[in-house]
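Asker: Before I ask anything, let me first share the structure, which is written out below as structure tokens.
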Amino acid sequence: MLNGLSVDVEEWFQVGAFERVIKKADWDGLEGRVDYNTGKVLDLFAESEVKATFFTLGWVADRHPKLIRRMVAEGHEVASHGWDHDRVFTMDAAAFRDDLKRARTALEDASGQKVTGYRAPSFSIDHRTPWAHQVLAEEGYRYSSSVAPISHDHYGWADAPKHAYRPVAGSDLIELPVSLASIGVRKIVTGGGFFRLLPGEITYRAIARTNRADRPAVFYFHPWDMDPGQPRVANAPLRSKLRHYPRLGAMAGKLRTLVAKHQWGRVDAVVAQEAARLS
């Protein structure tokens, strides 16, 4: 079973956890590490001989076009993560459309390829944004991987389907939610901070269980998840520090184990696999 391997490409200072303590106006004056960190991810994927989808901010593509061209040259998919990590539920439909267009222009200019996939920053398509999938369909996106079907203090749409579905009647747009793992009765997403902080076996078992049910898993992480040298934000909330900084040095090794245990590919390939199921 082919599973979707994905990377949400953003700078360490663009995460939702720091949005109230780091101003956008200050971003260009901060130490940029996304080029170096994403390069390490690309090296790891080349070593492991796997392909993936890089959901990339337009802001990053605008500043690092060579990085985007490297992704394409090495056979990976470049998809959209929006312009600068504004969460969808902070916008109305018109602002969301503008954000999509601005990001897509930067990504397509850098990659030389059409962008057909989208992931909302912080999985922020939820019950507050019933119009978002319609806008994506109207803008010609083939798929979205923007829903986390759980309850969480930062994101989540617990009532959403757990597997691929068509969210817009009469449209071919597919929503491919991020996959879930279990800790007792609690559901968590497979990836990101949960994967970095918790024993890897939780995720490995969840993916195997999903595949046994004849379903693909979708895993994600960020380049900064494997960067122990990133600057520390002294005035960040304690909860954010506890989520963001521990076990950064362990991530690369856990990823190597993960990609060796299961079959992985680009998200657009998984979407094609699921489109046949939904037809």
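By order of appearance in the structure tokens: chains A, B, ..., then residues from 1 within every chain, and ligands from 1 in the order shown.
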Set out as a tab-separated table a contact list for segment 159-255 of chain A and segment 30-53 of chain A with a cut-off of 10 Å, giving each residue of segment 159-255 of chain A that qualifies its closest atom pair and distance in Å to one decimal, counting only C-alpha atoms, ordered by chain and rising residue number.

Answerer:
residue	atom	partner	partner_atom	distance
A:Tyr220	CA	A:Thr53	CA	9.4
A:His222	CA	A:Thr38	CA	8.5
A:Pro223	CA	A:Asn37	CA	5.3
A:Trp224	CA	A:Asn37	CA	6.5
A:Asp225	CA	A:Asn37	CA	9.0
A:Met226	CA	A:Asn37	CA	7.5
A:Asp227	CA	A:Asn37	CA	6.8
A:Gly229	CA	A:Arg33	CA	9.4
A:Gln230	CA	A:Arg33	CA	7.4
A:Pro231	CA	A:Glu31	CA	7.9
A:Ala252	CA	A:Leu44	CA	8.0
A:Gly253	CA	A:Leu44	CA	9.8
A:Leu255	CA	A:Leu44	CA	8.5

Asker: So that I have them on file, write out the residues from the current selection with N, CA, C and O atoms, as a PDB file, in the first residue's frame.

Answerer:
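File part17.pdb, as written:
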ATOM      1  N   TYR A 220       3.169  13.583   8.050  1.00  0.00           N
ATOM      2  CA  TYR A 220       3.762  14.894   7.764  1.00  0.00           C
ATOM      3  C   TYR A 220       4.756  15.280   8.847  1.00  0.00           C
ATOM      4  O   TYR A 220       4.713  14.787   9.978  1.00  0.00           O
ATOM      5  N   HIS A 222       7.862  18.843   9.586  1.00  0.00           N
ATOM      6  CA  HIS A 222       8.431  20.113   9.119  1.00  0.00           C
ATOM      7  C   HIS A 222       9.954  20.010   9.078  1.00  0.00           C
ATOM      8  O   HIS A 222      10.542  19.294   9.897  1.00  0.00           O
ATOM      9  N   PRO A 223      10.613  20.750   8.216  1.00  0.00           N
ATOM     10  CA  PRO A 223      12.081  20.754   8.246  1.00  0.00           C
ATOM     11  C   PRO A 223      12.657  21.174   9.598  1.00  0.00           C
ATOM     12  O   PRO A 223      13.675  20.638  10.041  1.00  0.00           O
ATOM     13  N   TRP A 224      12.007  22.107  10.286  1.00  0.00           N
ATOM     14  CA  TRP A 224      12.523  22.554  11.592  1.00  0.00           C
ATOM     15  C   TRP A 224      12.386  21.478  12.661  1.00  0.00           C
ATOM     16  O   TRP A 224      13.020  21.576  13.718  1.00  0.00           O
ATOM     17  N   ASP A 225      11.570  20.431  12.402  1.00  0.00           N
ATOM     18  CA  ASP A 225      11.432  19.331  13.364  1.00  0.00           C
ATOM     19  C   ASP A 225      12.752  18.587  13.564  1.00  0.00           C
ATOM     20  O   ASP A 225      12.895  17.848  14.542  1.00  0.00           O
ATOM     21  N   MET A 226      13.693  18.737  12.631  1.00  0.00           N
ATOM     22  CA  MET A 226      14.965  18.019  12.749  1.00  0.00           C
ATOM     23  C   MET A 226      16.144  18.993  12.829  1.00  0.00           C
ATOM     24  O   MET A 226      17.239  18.700  12.355  1.00  0.00           O
ATOM     25  N   ASP A 227      15.906  20.141  13.463  1.00  0.00           N
ATOM     26  CA  ASP A 227      16.929  21.176  13.565  1.00  0.00           C
ATOM     27  C   ASP A 227      17.182  21.580  15.019  1.00  0.00           C
ATOM     28  O   ASP A 227      16.612  22.558  15.507  1.00  0.00           O
ATOM     29  N   GLY A 229      19.646  23.065  16.138  1.00  0.00           N
ATOM     30  CA  GLY A 229      20.406  24.300  16.198  1.00  0.00           C
ATOM     31  C   GLY A 229      19.599  25.560  15.973  1.00  0.00           C
ATOM     32  O   GLY A 229      20.161  26.662  15.969  1.00  0.00           O
ATOM     33  N   GLN A 230      18.282  25.434  15.821  1.00  0.00           N
ATOM     34  CA  GLN A 230      17.466  26.613  15.550  1.00  0.00           C
ATOM     35  C   GLN A 230      17.449  27.554  16.754  1.00  0.00           C
ATOM     36  O   GLN A 230      17.586  27.120  17.901  1.00  0.00           O
ATOM     37  N   PRO A 231      17.280  28.861  16.530  1.00  0.00           N
ATOM     38  CA  PRO A 231      17.212  29.818  17.644  1.00  0.00           C
ATOM     39  C   PRO A 231      16.048  29.505  18.579  1.00  0.00           C
ATOM     40  O   PRO A 231      15.027  28.945  18.170  1.00  0.00           O
ATOM     41  N   ALA A 252      15.738  12.904  12.833  1.00  0.00           N
ATOM     42  CA  ALA A 252      16.274  12.321  11.604  1.00  0.00           C
ATOM     43  C   ALA A 252      16.361  10.799  11.693  1.00  0.00           C
ATOM     44  O   ALA A 252      15.985  10.086  10.753  1.00  0.00           O
ATOM     45  N   GLY A 253      16.824  10.292  12.819  1.00  0.00           N
ATOM     46  CA  GLY A 253      16.911   8.851  12.988  1.00  0.00           C
ATOM     47  C   GLY A 253      15.551   8.182  12.962  1.00  0.00           C
ATOM     48  O   GLY A 253      15.387   7.101  12.375  1.00  0.00           O
ATOM     49  N   LEU A 255      12.925   9.290  11.414  1.00  0.00           N
ATOM     50  CA  LEU A 255      12.420   9.351  10.045  1.00  0.00           C
ATOM     51  C   LEU A 255      13.017   8.235   9.193  1.00  0.00           C
ATOM     52  O   LEU A 255      12.315   7.623   8.381  1.00  0.00           O
TER      53      LEU A 255
END

Asker: Going by DSSP on the backbone, which residues of segment 43-277 of chain A come out as helix (DSSP H, G or I)? List them as number ranges by chain.

Answerer: A: 43-48, 58-63, 65-73, 88-90, 93-111, 121-123, 132-138, 192-197, 200-212, 223-226, 238-244, 248-261, 267-277

Asker: Show me, as a list in words, the residues that have an atom within 12 Å of Asp28 of chain A when counting only C-alpha atoms, minus same-chain residues fewer than 6 positions from it.

Answerer: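 The contact residues come out as Glu11, Phe13, Gln14, Ile22, Trp59, Val60 and Arg63 of chain A.
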
Asker: Here is a test: counting only C-alpha atoms, which residue of A:Ala106, A:Glu139, A:Arg87, A:Gln113 is nearest to Ala73 of chain A?

Answerer: A:Gln113

Asker: Name the residues of segment 15-236 of chain A that fall into strand (DSSP E) according to DSSP on the backbone, using the chain letters and numbers of this document, as a ChimeraX atom specification.

Answerer: /A:53-56,77-80,117-118,143-144,174-175,180-183,186-189,218-221

Asker: Keeping N, CA, C and O atoms, export the residues of the selection given above as a tab-separated table (two decimals), in the first residue's frame.

Answerer:
chain	number	residue	atom	x	y	z
A	53	THR	N	5.88	14.79	-1.06
A	53	THR	CA	5.28	16.07	-1.43
A	53	THR	C	5.74	17.13	-0.44
A	53	THR	O	5.66	16.92	0.78
A	54	PHE	N	6.19	18.26	-0.96
A	54	PHE	CA	6.63	19.38	-0.14
A	54	PHE	C	5.57	20.48	-0.22
A	54	PHE	O	5.51	21.22	-1.20
A	55	PHE	N	4.71	20.55	0.81
A	55	PHE	CA	3.72	21.61	0.90
A	55	PHE	C	4.46	22.87	1.37
A	55	PHE	O	4.84	22.98	2.54
A	56	THR	N	4.68	23.80	0.45
A	56	THR	CA	5.62	24.89	0.67
A	56	THR	C	4.92	26.24	0.67
A	56	THR	O	4.05	26.51	-0.18
A	77	GLU	N	7.04	16.22	-5.42
A	77	GLU	CA	5.94	17.11	-5.76
A	77	GLU	C	6.05	18.40	-4.96
A	77	GLU	O	6.30	18.38	-3.75
A	78	VAL	N	5.85	19.53	-5.63
A	78	VAL	CA	5.74	20.83	-4.96
A	78	VAL	C	4.26	21.19	-4.90
A	78	VAL	O	3.58	21.24	-5.93
A	79	ALA	N	3.75	21.40	-3.71
A	79	ALA	CA	2.36	21.77	-3.50
A	79	ALA	C	2.30	23.01	-2.61
A	79	ALA	O	3.31	23.46	-2.07
A	80	SER	N	1.12	23.56	-2.45
A	80	SER	CA	0.96	24.84	-1.75
A	80	SER	C	0.63	24.66	-0.28
A	80	SER	O	-0.17	23.80	0.10
A	117	GLY	N	-1.94	20.65	-5.56
A	117	GLY	CA	-2.22	20.19	-4.20
A	117	GLY	C	-2.11	21.33	-3.20
A	117	GLY	O	-1.33	22.27	-3.40
A	118	TYR	N	-2.83	21.22	-2.11
A	118	TYR	CA	-2.84	22.28	-1.09
A	118	TYR	C	-2.97	21.66	0.30
A	118	TYR	O	-3.70	20.67	0.48
A	143	TYR	N	-6.48	18.34	-5.25
A	143	TYR	CA	-6.69	17.77	-3.92
A	143	TYR	C	-6.26	18.74	-2.84
A	143	TYR	O	-5.51	19.69	-3.06
A	144	SER	N	-6.76	18.46	-1.65
A	144	SER	CA	-6.36	19.14	-0.42
A	144	SER	C	-6.01	18.07	0.61
A	144	SER	O	-6.61	16.99	0.61
A	174	ILE	N	-10.51	16.18	-4.12
A	174	ILE	CA	-10.42	15.17	-3.06
A	174	ILE	C	-9.77	15.78	-1.83
A	174	ILE	O	-8.76	16.49	-1.93
A	175	GLU	N	-10.35	15.55	-0.68
A	175	GLU	CA	-9.72	15.87	0.59
A	175	GLU	C	-9.11	14.58	1.13
A	175	GLU	O	-9.80	13.56	1.26
A	180	LEU	N	-4.39	9.17	11.60
A	180	LEU	CA	-4.44	9.21	13.05
A	180	LEU	C	-3.77	8.00	13.68
A	180	LEU	O	-3.71	6.93	13.10
A	181	ALA	N	-3.30	8.22	14.89
A	181	ALA	CA	-2.80	7.15	15.75
A	181	ALA	C	-3.55	7.25	17.08
A	181	ALA	O	-4.25	8.23	17.34
A	182	SER	N	-3.40	6.25	17.92
A	182	SER	CA	-4.12	6.22	19.19
A	182	SER	C	-3.15	6.07	20.35
A	182	SER	O	-2.18	5.31	20.28
A	183	ILE	N	-3.45	6.81	21.43
A	183	ILE	CA	-2.80	6.61	22.72
A	183	ILE	C	-3.93	6.38	23.72
A	183	ILE	O	-4.57	7.33	24.17
A	186	ARG	N	-7.26	8.41	23.33
A	186	ARG	CA	-6.98	9.68	22.66
A	186	ARG	C	-6.46	9.46	21.25
A	186	ARG	O	-5.62	8.59	21.02
A	187	LYS	N	-6.94	10.28	20.32
A	187	LYS	CA	-6.47	10.24	18.95
A	187	LYS	C	-5.47	11.37	18.71
A	187	LYS	O	-5.68	12.50	19.15
A	188	ILE	N	-4.39	11.06	18.01
A	188	ILE	CA	-3.40	12.06	17.62
A	188	ILE	C	-3.09	11.90	16.15
A	188	ILE	O	-3.40	10.86	15.55
A	189	VAL	N	-2.50	12.92	15.54
A	189	VAL	CA	-2.13	12.81	14.13
A	189	VAL	C	-0.80	12.07	14.00
A	189	VAL	O	0.02	12.07	14.92
A	218	VAL	N	-1.27	9.01	5.73
A	218	VAL	CA	-0.67	10.29	5.35
A	218	VAL	C	0.13	10.79	6.56
A	218	VAL	O	-0.44	11.01	7.63
A	219	PHE	N	1.42	10.95	6.35
A	219	PHE	CA	2.34	11.39	7.41
A	219	PHE	C	2.92	12.74	7.04
A	219	PHE	O	3.17	13.02	5.87
A	220	TYR	N	3.17	13.58	8.05
A	220	TYR	CA	3.76	14.89	7.76
A	220	TYR	C	4.76	15.28	8.85
A	220	TYR	O	4.71	14.79	9.98
A	221	PHE	N	5.66	16.18	8.49
A	221	PHE	CA	6.55	16.82	9.45
A	221	PHE	C	7.07	18.11	8.83
A	221	PHE	O	6.74	18.45	7.68

Asker: For Pro121 of chain A, which of A:Arg212, A:His81, A:Arg196, A:His64 is the closest residue, counting only C-alpha atoms?

Answerer: A:His81

Asker: Using only C-alpha atoms, which residues sit within 12 Å of Arg166 of chain A once same-chain residues fewer than 6 positions away are excluded, as a list in words?

Answerer: His133, Gln134, Leu136, Ala137, Arg142, Tyr143, Ser144, Ser145, Ala160, Asp172, Leu173, Ile174, Glu175, Leu176, Pro177, Val271, Glu274, Ala275, Arg277, Leu278 and Ser279 of chain A

Asker: Dump N, CA and C atoms for the selected residues as an mmCIF file, in the first residue's frame?

Answerer:
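Once everything was written out, this is again-v9.cif:
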data_model
loop_
_atom_site.group_PDB
_atom_site.id
_atom_site.type_symbol
_atom_site.label_atom_id
_atom_site.label_comp_id
_atom_site.auth_asym_id
_atom_site.auth_seq_id
_atom_site.Cartn_x
_atom_site.Cartn_y
_atom_site.Cartn_z
ATOM 1 N N HIS A 133 -13.254 24.478 0.823
ATOM 2 C CA HIS A 133 -13.121 23.455 -0.207
ATOM 3 C C HIS A 133 -13.737 23.933 -1.523
ATOM 4 N N GLN A 134 -14.833 24.675 -1.455
ATOM 5 C CA GLN A 134 -15.447 25.206 -2.668
ATOM 6 C C GLN A 134 -14.483 26.142 -3.396
ATOM 7 N N LEU A 136 -11.186 26.103 -3.217
ATOM 8 C CA LEU A 136 -10.128 25.257 -3.780
ATOM 9 C C LEU A 136 -10.588 24.603 -5.091
ATOM 10 N N ALA A 137 -11.812 24.120 -5.110
ATOM 11 C CA ALA A 137 -12.344 23.501 -6.325
ATOM 12 C C ALA A 137 -12.431 24.526 -7.455
ATOM 13 N N ARG A 142 -6.562 19.924 -7.481
ATOM 14 C CA ARG A 142 -6.949 18.522 -7.615
ATOM 15 C C ARG A 142 -7.248 17.908 -6.257
ATOM 16 N N TYR A 143 -6.478 18.336 -5.248
ATOM 17 C CA TYR A 143 -6.687 17.765 -3.923
ATOM 18 C C TYR A 143 -6.262 18.739 -2.837
ATOM 19 N N SER A 144 -6.758 18.460 -1.651
ATOM 20 C CA SER A 144 -6.361 19.145 -0.419
ATOM 21 C C SER A 144 -6.014 18.070 0.606
ATOM 22 N N SER A 145 -5.034 18.385 1.450
ATOM 23 C CA SER A 145 -4.730 17.508 2.595
ATOM 24 C C SER A 145 -4.669 18.416 3.815
ATOM 25 N N ALA A 160 -15.072 15.205 10.847
ATOM 26 C CA ALA A 160 -14.757 15.012 9.433
ATOM 27 C C ALA A 160 -14.438 13.543 9.145
ATOM 28 N N ASP A 172 -14.384 17.184 -8.684
ATOM 29 C CA ASP A 172 -13.440 16.082 -8.537
ATOM 30 C C ASP A 172 -12.453 16.302 -7.402
ATOM 31 N N LEU A 173 -12.521 17.456 -6.717
ATOM 32 C CA LEU A 173 -11.592 17.743 -5.621
ATOM 33 C C LEU A 173 -11.671 16.659 -4.551
ATOM 34 N N ILE A 174 -10.507 16.182 -4.115
ATOM 35 C CA ILE A 174 -10.423 15.171 -3.060
ATOM 36 C C ILE A 174 -9.774 15.781 -1.828
ATOM 37 N N GLU A 175 -10.347 15.548 -0.683
ATOM 38 C CA GLU A 175 -9.719 15.868 0.594
ATOM 39 C C GLU A 175 -9.106 14.581 1.131
ATOM 40 N N LEU A 176 -7.816 14.635 1.423
ATOM 41 C CA LEU A 176 -7.091 13.481 1.959
ATOM 42 C C LEU A 176 -6.601 13.857 3.352
ATOM 43 N N PRO A 177 -7.355 13.530 4.381
ATOM 44 C CA PRO A 177 -6.978 13.953 5.742
ATOM 45 C C PRO A 177 -5.678 13.312 6.209
ATOM 46 N N VAL A 271 -3.376 10.301 -3.960
ATOM 47 C CA VAL A 271 -4.676 10.846 -4.391
ATOM 48 C C VAL A 271 -5.178 10.122 -5.639
ATOM 49 N N GLU A 274 -6.587 6.899 -4.565
ATOM 50 C CA GLU A 274 -7.877 7.045 -3.881
ATOM 51 C C GLU A 274 -8.973 7.516 -4.829
ATOM 52 N N ALA A 275 -8.627 8.264 -5.874
ATOM 53 C CA ALA A 275 -9.629 8.713 -6.847
ATOM 54 C C ALA A 275 -10.284 7.517 -7.520
ATOM 55 N N ARG A 277 -10.729 4.667 -6.163
ATOM 56 C CA ARG A 277 -11.628 4.078 -5.173
ATOM 57 C C ARG A 277 -12.962 4.846 -5.107
ATOM 58 N N LEU A 278 -12.868 6.168 -5.238
ATOM 59 C CA LEU A 278 -14.049 7.022 -5.086
ATOM 60 C C LEU A 278 -14.884 7.152 -6.350
ATOM 61 N N SER A 279 -14.341 6.706 -7.475
ATOM 62 C CA SER A 279 -15.055 6.858 -8.753
ATOM 63 C C SER A 279 -16.203 5.871 -8.872
#

Asker: I'd like the neighbourhood of segment 88-94 of chain A as an mmCIF file with C-alpha atoms, in the first residue's frame, where a residue qualifies if any of its atoms comes within 10 Å (using only C-alpha atoms), though same-chain residues fewer than 4 positions away should be ignored.

Answerer:
data_model
loop_
_atom_site.group_PDB
_atom_site.id
_atom_site.type_symbol
_atom_site.label_atom_id
_atom_site.label_comp_id
_atom_site.auth_asym_id
_atom_site.auth_seq_id
_atom_site.Cartn_x
_atom_site.Cartn_y
_atom_site.Cartn_z
ATOM 1 C CA GLY A 82 -0.512 29.065 1.406
ATOM 2 C CA ASP A 98 -6.114 35.842 -2.858
ATOM 3 C CA ASP A 99 -3.763 33.890 -0.565
ATOM 4 C CA LEU A 100 -4.059 30.810 -2.787
ATOM 5 C CA ALA A 120 -3.843 24.562 4.965
ATOM 6 C CA PRO A 121 -1.437 25.933 7.576
ATOM 7 C CA SER A 122 -2.026 24.128 10.879
ATOM 8 C CA PHE A 123 -4.733 21.950 9.238
ATOM 9 C CA SER A 124 -7.027 24.973 9.495
ATOM 10 C CA ILE A 125 -9.858 23.863 7.227
ATOM 11 C CA ASP A 126 -12.559 22.902 9.693
ATOM 12 C CA HIS A 127 -16.204 23.469 10.644
ATOM 13 C CA ARG A 128 -15.590 27.256 10.678
ATOM 14 C CA THR A 129 -14.643 27.341 6.980
ATOM 15 C CA PRO A 130 -17.407 25.546 5.056
ATOM 16 C CA TRP A 131 -16.510 27.617 1.975
ATOM 17 C CA ALA A 132 -12.813 26.663 1.794
ATOM 18 C CA GLN A 134 -15.447 25.206 -2.668
ATOM 19 C CA VAL A 135 -12.818 27.906 -3.261
ATOM 20 C CA SER A 146 -5.924 20.095 5.085
#

Asker: Quick one, how far is atom CA of Ala276 of chain A from atom CA of Pro149 of chain A?

Answerer: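 One can read the atom CA of Ala276 of chain A to atom CA of Pro149 of chain A distance as 22.5 Å.
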